[in-house]
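Participant: entry_33.cif is reproduced in full below (mmCIF, C-alpha atoms).
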data_entry
#
loop_
_atom_site.label_atom_id
_atom_site.label_comp_id
_atom_site.auth_asym_id
_atom_site.auth_seq_id
_atom_site.Cartn_x
_atom_site.Cartn_y
_atom_site.Cartn_z
CA MET W 176 165.05 -88.99 -42.88
CA ASN W 177 163.83 -85.93 -44.76
CA THR W 178 166.17 -83.46 -46.40
CA ARG W 179 166.39 -79.89 -45.11
CA GLN W 180 164.29 -78.73 -48.07
CA GLN W 181 161.62 -81.34 -47.32
CA GLN W 182 161.57 -80.18 -43.71
CA LEU W 183 161.13 -76.57 -44.78
CA ASN W 184 158.38 -77.56 -47.21
CA ALA W 185 156.53 -79.39 -44.43
CA ILE W 186 156.70 -76.31 -42.17
CA ASP W 187 155.53 -74.11 -45.04
CA ARG W 188 152.56 -76.44 -45.62
CA LEU W 189 151.62 -76.21 -41.92
CA LEU W 190 151.78 -72.41 -42.03
CA THR W 191 149.55 -72.39 -45.11
CA ILE W 192 147.01 -74.70 -43.47
CA MET W 193 146.98 -72.47 -40.39
CA ASP W 194 146.25 -69.43 -42.59
CA GLU W 195 143.37 -71.28 -44.23
CA LEU W 196 141.89 -72.54 -40.95
CA ARG W 197 142.04 -69.11 -39.40
CA VAL W 198 139.97 -67.76 -42.29
CA GLY W 199 137.58 -70.62 -42.92
CA CYS W 200 137.02 -72.65 -39.72
CA PRO W 201 134.56 -71.20 -37.15
CA TRP W 202 136.37 -72.86 -34.23
CA ASP W 203 139.86 -71.80 -35.29
CA LYS W 204 138.68 -68.25 -36.05
CA LYS W 205 137.41 -67.63 -32.52
CA GLN W 206 140.49 -68.90 -30.66
CA THR W 207 142.67 -66.50 -28.67
CA MET W 208 145.95 -66.97 -26.83
CA GLN W 209 143.94 -67.17 -23.62
CA SER W 210 141.58 -69.85 -24.93
CA LEU W 211 144.49 -71.94 -26.25
CA ARG W 212 146.54 -71.76 -23.06
CA HIS W 213 144.94 -74.68 -21.16
CA LEU W 214 144.97 -76.80 -24.33
CA THR W 215 148.70 -76.16 -24.75
CA ILE W 216 149.35 -77.25 -21.18
CA GLU W 217 147.30 -80.41 -21.78
CA GLU W 218 149.25 -81.20 -24.95
CA THR W 219 152.52 -80.73 -23.07
CA TYR W 220 151.48 -83.29 -20.46
CA GLU W 221 150.39 -85.70 -23.18
CA LEU W 222 153.86 -85.39 -24.72
CA GLY W 223 155.34 -86.07 -21.30
CA ASP W 224 153.27 -89.26 -20.99
CA ALA W 225 154.43 -90.45 -24.41
CA ILE W 226 158.06 -89.81 -23.47
CA LEU W 227 157.69 -91.77 -20.23
CA ASP W 228 156.15 -94.66 -22.18
CA ASN W 229 158.97 -94.39 -24.76
CA ASP W 230 156.28 -94.50 -27.46
CA LEU W 231 158.10 -92.89 -30.39
CA GLU W 232 155.08 -92.89 -32.68
CA GLU W 233 153.03 -91.12 -30.02
CA ILE W 234 155.90 -88.70 -29.30
CA LYS W 235 155.89 -87.74 -32.98
CA LYS W 236 152.15 -87.06 -32.89
CA GLU W 237 152.28 -85.06 -29.66
CA LEU W 238 155.19 -82.97 -30.95
CA GLY W 239 153.02 -82.20 -33.95
CA ASP W 240 150.22 -81.04 -31.67
CA LEU W 241 152.61 -78.74 -29.81
CA LEU W 242 154.04 -77.42 -33.07
CA LEU W 243 150.52 -76.59 -34.19
CA HIS W 244 150.03 -74.55 -31.03
CA ILE W 245 153.26 -72.62 -31.62
CA VAL W 246 152.15 -71.85 -35.18
CA PHE W 247 148.68 -70.90 -33.88
CA TYR W 248 150.07 -68.40 -31.36
CA ALA W 249 152.38 -66.94 -34.00
CA LYS W 250 149.45 -66.55 -36.39
CA ILE W 251 147.43 -64.69 -33.77
CA GLY W 252 150.46 -62.51 -33.06
CA SER W 253 150.78 -61.66 -36.75
CA GLU W 254 147.13 -60.60 -36.92
CA THR W 255 147.75 -57.97 -34.24
CA GLN W 256 151.02 -56.95 -35.93
CA ASP W 257 153.00 -57.91 -32.80
CA PHE W 258 155.07 -60.84 -34.11
CA ASP W 259 154.96 -63.74 -36.53
CA ILE W 260 156.60 -67.16 -36.80
CA ALA W 261 159.80 -65.62 -38.25
CA ASP W 262 160.11 -63.36 -35.19
CA VAL W 263 159.61 -66.38 -32.92
CA ALA W 264 162.30 -68.40 -34.71
CA THR W 265 164.68 -65.42 -34.88
CA SER W 266 164.23 -64.69 -31.18
CA ILE W 267 165.15 -68.20 -30.06
CA SER W 268 167.99 -68.43 -32.59
CA ASP W 269 169.51 -65.18 -31.33
CA LYS W 270 169.16 -66.36 -27.74
CA LEU W 271 170.86 -69.68 -28.52
CA VAL W 272 173.79 -67.93 -30.19
CA ASP W 273 174.15 -65.46 -27.31
CA ARG W 274 173.90 -68.20 -24.66
CA HIS W 275 176.50 -70.42 -26.35
CA PRO W 276 179.65 -68.29 -26.52
CA HIS W 277 181.66 -71.54 -26.29
CA ILE W 278 180.26 -72.40 -29.74
CA TYR W 279 179.78 -69.00 -31.37
CA GLY W 280 182.44 -67.05 -29.47
CA ASP W 281 185.83 -67.47 -27.86
CA ILE W 282 184.82 -68.94 -24.49
CA ASP W 283 186.17 -72.35 -23.44
CA VAL W 284 184.18 -74.71 -21.20
CA ALA W 285 185.20 -77.96 -19.55
CA ASP W 286 181.84 -79.70 -19.28
CA ALA W 287 178.05 -79.38 -19.25
CA LYS W 288 178.06 -78.06 -15.67
CA GLU W 289 180.19 -75.12 -16.70
CA VAL W 290 177.82 -74.44 -19.60
CA GLU W 291 174.95 -74.24 -17.10
CA ARG W 292 176.88 -71.84 -14.85
CA ASN W 293 177.74 -69.59 -17.79
CA TRP W 294 174.10 -69.70 -18.91
CA GLU W 295 172.88 -68.28 -15.60
CA LYS W 296 175.62 -65.61 -15.56
CA LEU W 297 174.62 -64.52 -19.06
CA LYS W 298 170.99 -64.19 -17.99
CA LEU W 299 171.99 -61.82 -15.19
CA LYS W 300 174.03 -59.75 -17.65
CA GLU W 301 170.90 -59.48 -19.82
CA GLY W 302 169.21 -57.55 -17.02
CA LYS W 303 167.56 -60.21 -14.85
CA LYS W 304 167.79 -59.30 -11.17
CA SER W 305 167.53 -62.88 -9.93
CA VAL W 306 168.48 -66.26 -11.35
CA LEU W 307 165.03 -67.41 -10.20
CA GLU W 308 163.13 -65.00 -12.46
CA GLY W 309 163.05 -67.66 -15.16
CA VAL W 310 161.03 -70.10 -13.03
CA PRO W 311 157.36 -69.83 -14.10
CA ARG W 312 154.99 -69.14 -11.19
CA SER W 313 152.40 -71.58 -12.54
CA LEU W 314 154.69 -74.63 -12.65
CA PRO W 315 153.53 -77.62 -10.58
CA ALA W 316 155.21 -77.47 -7.16
CA MET W 317 157.48 -80.50 -7.71
CA VAL W 318 158.71 -79.28 -11.09
CA LYS W 319 159.17 -75.77 -9.69
CA ALA W 320 161.28 -77.05 -6.78
CA SER W 321 163.47 -78.96 -9.21
CA ARG W 322 163.97 -75.92 -11.45
CA ILE W 323 164.72 -73.67 -8.45
CA GLN W 324 167.43 -76.06 -7.30
CA ASP W 325 168.88 -76.37 -10.81
CA LYS W 326 169.11 -72.61 -11.17
CA VAL W 327 170.72 -71.81 -7.83
CA ALA W 328 173.17 -74.68 -8.38
CA GLY W 329 174.05 -73.03 -11.68
CA VAL W 330 175.58 -70.09 -9.79
CA GLY W 331 177.37 -72.26 -7.23
CA PHE W 332 174.79 -72.37 -4.41
CA ASP W 333 174.83 -76.12 -3.94
CA TRP W 334 175.97 -79.05 -1.84
CA GLU W 335 179.30 -80.64 -2.69
CA GLU W 336 178.44 -84.33 -2.20
CA PRO W 337 175.27 -86.46 -2.41
CA GLN W 338 175.89 -87.71 1.14
CA GLN W 339 175.49 -84.16 2.45
CA VAL W 340 172.09 -83.93 0.81
CA PHE W 341 171.07 -87.31 2.21
CA GLU W 342 172.09 -86.20 5.71
CA LYS W 343 170.03 -83.03 5.27
CA LEU W 344 167.06 -85.18 4.22
CA GLN W 345 167.45 -87.29 7.37
CA GLU W 346 167.59 -84.10 9.44
CA GLU W 347 164.37 -82.84 7.84
CA LEU W 348 162.67 -86.20 8.46
CA GLY W 349 163.62 -85.94 12.14
CA GLU W 350 162.16 -82.44 12.35
CA LEU W 351 158.96 -83.65 10.68
CA GLN W 352 158.66 -86.53 13.13
CA TYR W 353 159.12 -84.13 16.04
CA GLU W 354 156.33 -81.84 14.80
CA VAL W 355 154.04 -84.84 14.25
CA HIS W 356 154.30 -85.51 18.00
CA THR W 357 153.47 -81.86 18.80
CA ASN W 358 150.29 -82.19 16.71
CA ASP W 359 150.71 -78.67 15.28
CA GLN W 360 149.23 -79.01 11.79
CA GLU W 361 150.79 -75.84 10.42
CA LYS W 362 154.29 -76.86 11.53
CA ILE W 363 153.75 -80.42 10.28
CA GLU W 364 152.89 -79.07 6.83
CA ALA W 365 155.94 -76.79 6.84
CA GLU W 366 158.29 -79.64 7.78
CA PHE W 367 156.64 -81.98 5.26
CA GLY W 368 157.36 -79.39 2.59
CA ASP W 369 161.00 -79.26 3.70
CA VAL W 370 161.21 -83.07 3.42
CA LEU W 371 159.82 -83.01 -0.12
CA PHE W 372 162.18 -80.19 -1.11
CA SER W 373 165.14 -82.19 0.25
CA MET W 374 163.97 -85.34 -1.53
CA ILE W 375 163.81 -83.47 -4.83
CA ASN W 376 167.27 -82.05 -4.21
CA TYR W 377 168.63 -85.54 -3.45
CA ALA W 378 167.06 -86.81 -6.67
CA ARG W 379 169.06 -84.18 -8.56
CA PHE W 380 172.29 -85.53 -7.11
CA LEU W 381 171.26 -89.04 -8.11
CA ASN W 382 170.51 -87.86 -11.68
CA VAL W 383 166.86 -88.78 -11.20
CA ASP W 384 164.02 -86.60 -12.50
CA PRO W 385 161.61 -86.66 -9.52
CA GLU W 386 158.55 -85.86 -11.64
CA SER W 387 159.26 -88.72 -14.03
CA ALA W 388 160.13 -91.09 -11.19
CA LEU W 389 156.87 -90.36 -9.38
CA GLU W 390 154.82 -90.64 -12.56
CA ARG W 391 156.38 -94.02 -13.33
CA THR W 392 155.41 -95.14 -9.83
CA ASN W 393 151.88 -93.79 -10.42
CA LYS W 394 151.60 -95.82 -13.62
CA LYS W 395 152.95 -98.93 -11.89
CA PHE W 396 150.49 -98.56 -9.01
CA ILE W 397 147.56 -98.04 -11.41
CA LYS W 398 148.41 -101.21 -13.34
CA ARG W 399 148.71 -103.29 -10.18
CA PHE W 400 145.52 -101.90 -8.66
CA GLN W 401 143.56 -102.49 -11.86
CA TYR W 402 144.86 -106.07 -11.89
CA LEU W 403 143.53 -106.39 -8.35
CA GLU W 404 140.15 -105.02 -9.46
CA SER W 405 139.97 -107.42 -12.41
CA LYS W 406 140.71 -110.41 -10.19
CA ALA W 407 138.05 -109.33 -7.71
CA ALA W 408 135.54 -108.97 -10.56
CA ILE W 409 136.31 -112.52 -11.76
CA LEU W 410 135.50 -113.77 -8.25
CA GLY W 411 132.33 -111.69 -8.26
CA LYS W 412 133.54 -109.67 -5.28
CA SER W 413 133.69 -106.00 -4.45
CA LEU W 414 137.00 -104.70 -3.15
CA SER W 415 135.19 -103.15 -0.21
CA ASP W 416 134.01 -106.64 0.80
CA MET W 417 137.49 -108.18 0.67
CA THR W 418 139.97 -108.26 3.51
CA LEU W 419 143.40 -106.69 3.13
CA ALA W 420 144.89 -110.19 3.27
CA GLU W 421 142.73 -111.30 0.34
CA MET W 422 143.64 -108.21 -1.68
CA ASP W 423 147.32 -108.62 -0.86
CA VAL W 424 147.38 -112.02 -2.57
CA PHE W 425 146.41 -110.45 -5.89
CA TRP W 426 148.67 -107.45 -5.26
CA GLU W 427 151.67 -109.78 -4.93
CA GLU W 428 150.59 -111.52 -8.16
CA ALA W 429 150.47 -108.15 -9.92
CA LYS W 430 154.00 -107.33 -8.73
CA LYS W 431 155.32 -110.50 -10.35
CA LEU W 432 153.76 -109.74 -13.73
#
Rewrite the coordinates I just gave you, this time as structure tokens.
Facilitator:
Amino acid sequence: MNTRQQQLNAIDRLLTIMDELRVGCPWDKKQTMQSLRHLTIEETYELGDAILDNDLEEIKKELGDLLLHIVFYAKIGSETQDFDIADVATSISDKLVDRHPHIYGDIDVADAKEVERNWEKLKLKEGKKSVLEGVPRSLPAMVKASRIQDKVAGVGFDWEEPQQVFEKLQEELGELQYEVHTNDQEKIEAEFGDVLFSMINYARFLNVDPESALERTNKKFIKRFQYLESKAAILGKSLSDMTLAEMDVFWEEAKKL
């Protein structure tokens, strides 16, 4: 691994390159925080994919792409005299010190759960009116539900046992089934949302990240379905011309691979 000085030199080189690109490259010169936003989100998802695949080489590359974006935003901030990369690093460093009084102060904690509870209490002391203020509005719904549940649990608003959550899930499923029979689409959607919210909460008690779990299932389904397509192509058939029984043979083969 690199020494601390080598790490600092690498960051310094990146900052220098960013300065040069901002002056000399037509594309880099015209970028704004607004134009970079969707690209940053895309890079974040690409990092997420690499992590799910446990592809360390790809993780390294995607982290580099994200680091570039951080440096890019800081460069734009420095041009408007609002902030630079030092302000960014100082801000997060100060926050980390303030939020870890059990490391940099005289507070004792028993475990990670207590750290989380203290974290949320400290945020409220900083002036936040709600523990949910830190949940971005633009998060995907599943990720947002997970973060909401994490945050309210951090201040003690939580179930005590996984079985309680499972029973709540069963209750919500029953309510959904009832509304399905009433054929009221608005109520069906509302109850379906409650079921999903309960499922995500149950996942938390099982130490399962619901977003990652679903994405792994997506990847698994894609691989199996593409195997099915390849087998159909070898036979010179279109999937639309095959029966479900014929397709199921190849689906079962894909599951065994």
Participant: Excluding W:Val310 and residues on its chain fewer than 3 positions from it, collect all residues at most 8 Å away from it, counting all atoms listed in the file, and give them as a list of chain:residue names.
Facilitator: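 What passes the distance filter is W:Leu307, W:Leu314, W:Lys319, W:Arg322, W:Ile323.
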Participant: Quick one: distance from atom CA of W:Leu189 to atom CA of W:Leu243 in Å, one decimal?
Facilitator: 7.8 Å
Participant: Given the file shown, determine the residues that the PyMOL selection byres ((chain W and resi 431) around 12) selects; report them as number ranges by chain.
Facilitator: W: 395, 398-399, 402, 424-430, 432
Participant: Using the chain letters and numbers from this file, what does the PyMOL selection byres ((chain W and resi 261) around 12) select? Give the answer as a PyMOL selection string.
Facilitator: chain W and resi 186-187+190+245-246+249-250+252-253+257-260+262-269
Participant: Given the file shown, enumerate the residues that the PyMOL selection byres ((chain W and resi 292) around 10) captures and present them as a list in words.
Facilitator: Ala287, Lys288, Glu289, Val290, Glu291, Asn293, Trp294, Glu295, Lys296, Leu297, Lys326, Val327, Ala328, Gly329, Val330 and Gly331 of chain W
Participant: Show me, as a list in words, the residues that have an atom within 12 Å of W:Gly349 when counting all atoms listed in the file, minus same-chain residues fewer than 4 positions from it.
Facilitator: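 In the requested form, the answer reads Glu342, Lys343, Leu344, Gln345, Tyr353, Glu354, Val355, His356, Ile363, Glu366, Phe367, Asp369 and Val370 of chain W.
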Participant: Would you please work out which residue, of W:Arg274, W:Pro315, W:Val340, W:Arg379, is nearest to W:Glu301 when using only C-alpha atoms?
Facilitator: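 Looking at the shortest contact to W:Glu301, the residue is W:Arg274.
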Participant: Any idea what the distance is between atom CA of W:Ala285 and atom CA of W:Gly309?
Facilitator: 24.8 Å
Participant: Which of these, W:Leu227, W:Leu299, W:Met417, W:Met208, has the shortest distance to W:Ala388 once you count all atoms listed in the file?
Facilitator: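 Closest to W:Ala388, using all atoms listed in the file: W:Leu227.
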Participant: Counting all atoms listed in the file, which residue out of W:Tyr279, W:Phe247, W:Phe396, W:Phe380 sits closest to W:Gln209?
Facilitator: W:Phe247
Participant: With distances taken over only C-alpha atoms, which residue among W:Ile282, W:Ala320, W:Asp224, W:Thr178 lies nearest W:Ala378?
Facilitator: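 So, comparing all the options, the nearest one is W:Ala320.
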Participant: Please measure the separation of atom CA of W:Tyr220 and atom CA of W:Arg197, giving the value in Å to one decimal.
Facilitator: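 Computing it gives 25.5 Å between the two atoms.
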Participant: With a distance cut-off of 12 Å and only C-alpha atoms, select the neighbouring residues of W:Tyr377, excluding the residue or stretch itself and same-chain residues fewer than 2 positions from it, and output the selection as a short mmCIF file (atom, residue, chain, number, x, y, z; two decimals) with C-alpha atoms, in the coordinates of the input.
Facilitator:
data_model
loop_
_atom_site.label_atom_id
_atom_site.label_comp_id
_atom_site.auth_asym_id
_atom_site.auth_seq_id
_atom_site.Cartn_x
_atom_site.Cartn_y
_atom_site.Cartn_z
CA ALA W 320 161.28 -77.05 -6.78
CA SER W 321 163.47 -78.96 -9.21
CA GLN W 324 167.43 -76.06 -7.30
CA ASP W 325 168.88 -76.37 -10.81
CA ASP W 333 174.83 -76.12 -3.94
CA TRP W 334 175.97 -79.05 -1.84
CA GLU W 335 179.30 -80.64 -2.69
CA GLU W 336 178.44 -84.33 -2.20
CA PRO W 337 175.27 -86.46 -2.41
CA GLN W 338 175.89 -87.71 1.14
CA GLN W 339 175.49 -84.16 2.45
CA VAL W 340 172.09 -83.93 0.81
CA PHE W 341 171.07 -87.31 2.21
CA GLU W 342 172.09 -86.20 5.71
CA LYS W 343 170.03 -83.03 5.27
CA LEU W 344 167.06 -85.18 4.22
CA GLN W 345 167.45 -87.29 7.37
CA VAL W 370 161.21 -83.07 3.42
CA LEU W 371 159.82 -83.01 -0.12
CA PHE W 372 162.18 -80.19 -1.11
CA SER W 373 165.14 -82.19 0.25
CA MET W 374 163.97 -85.34 -1.53
CA ILE W 375 163.81 -83.47 -4.83
CA ARG W 379 169.06 -84.18 -8.56
CA PHE W 380 172.29 -85.53 -7.11
CA LEU W 381 171.26 -89.04 -8.11
CA ASN W 382 170.51 -87.86 -11.68
CA VAL W 383 166.86 -88.78 -11.20
CA ASP W 384 164.02 -86.60 -12.50
CA PRO W 385 161.61 -86.66 -9.52
#
Participant: Using only C-alpha atoms, which residue out of W:Glu347, W:Ile251, W:Ile216, W:Val318 lies closest to W:Leu389?
Facilitator: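 Residue with the minimum atom-to-atom distance to W:Leu389: W:Val318.
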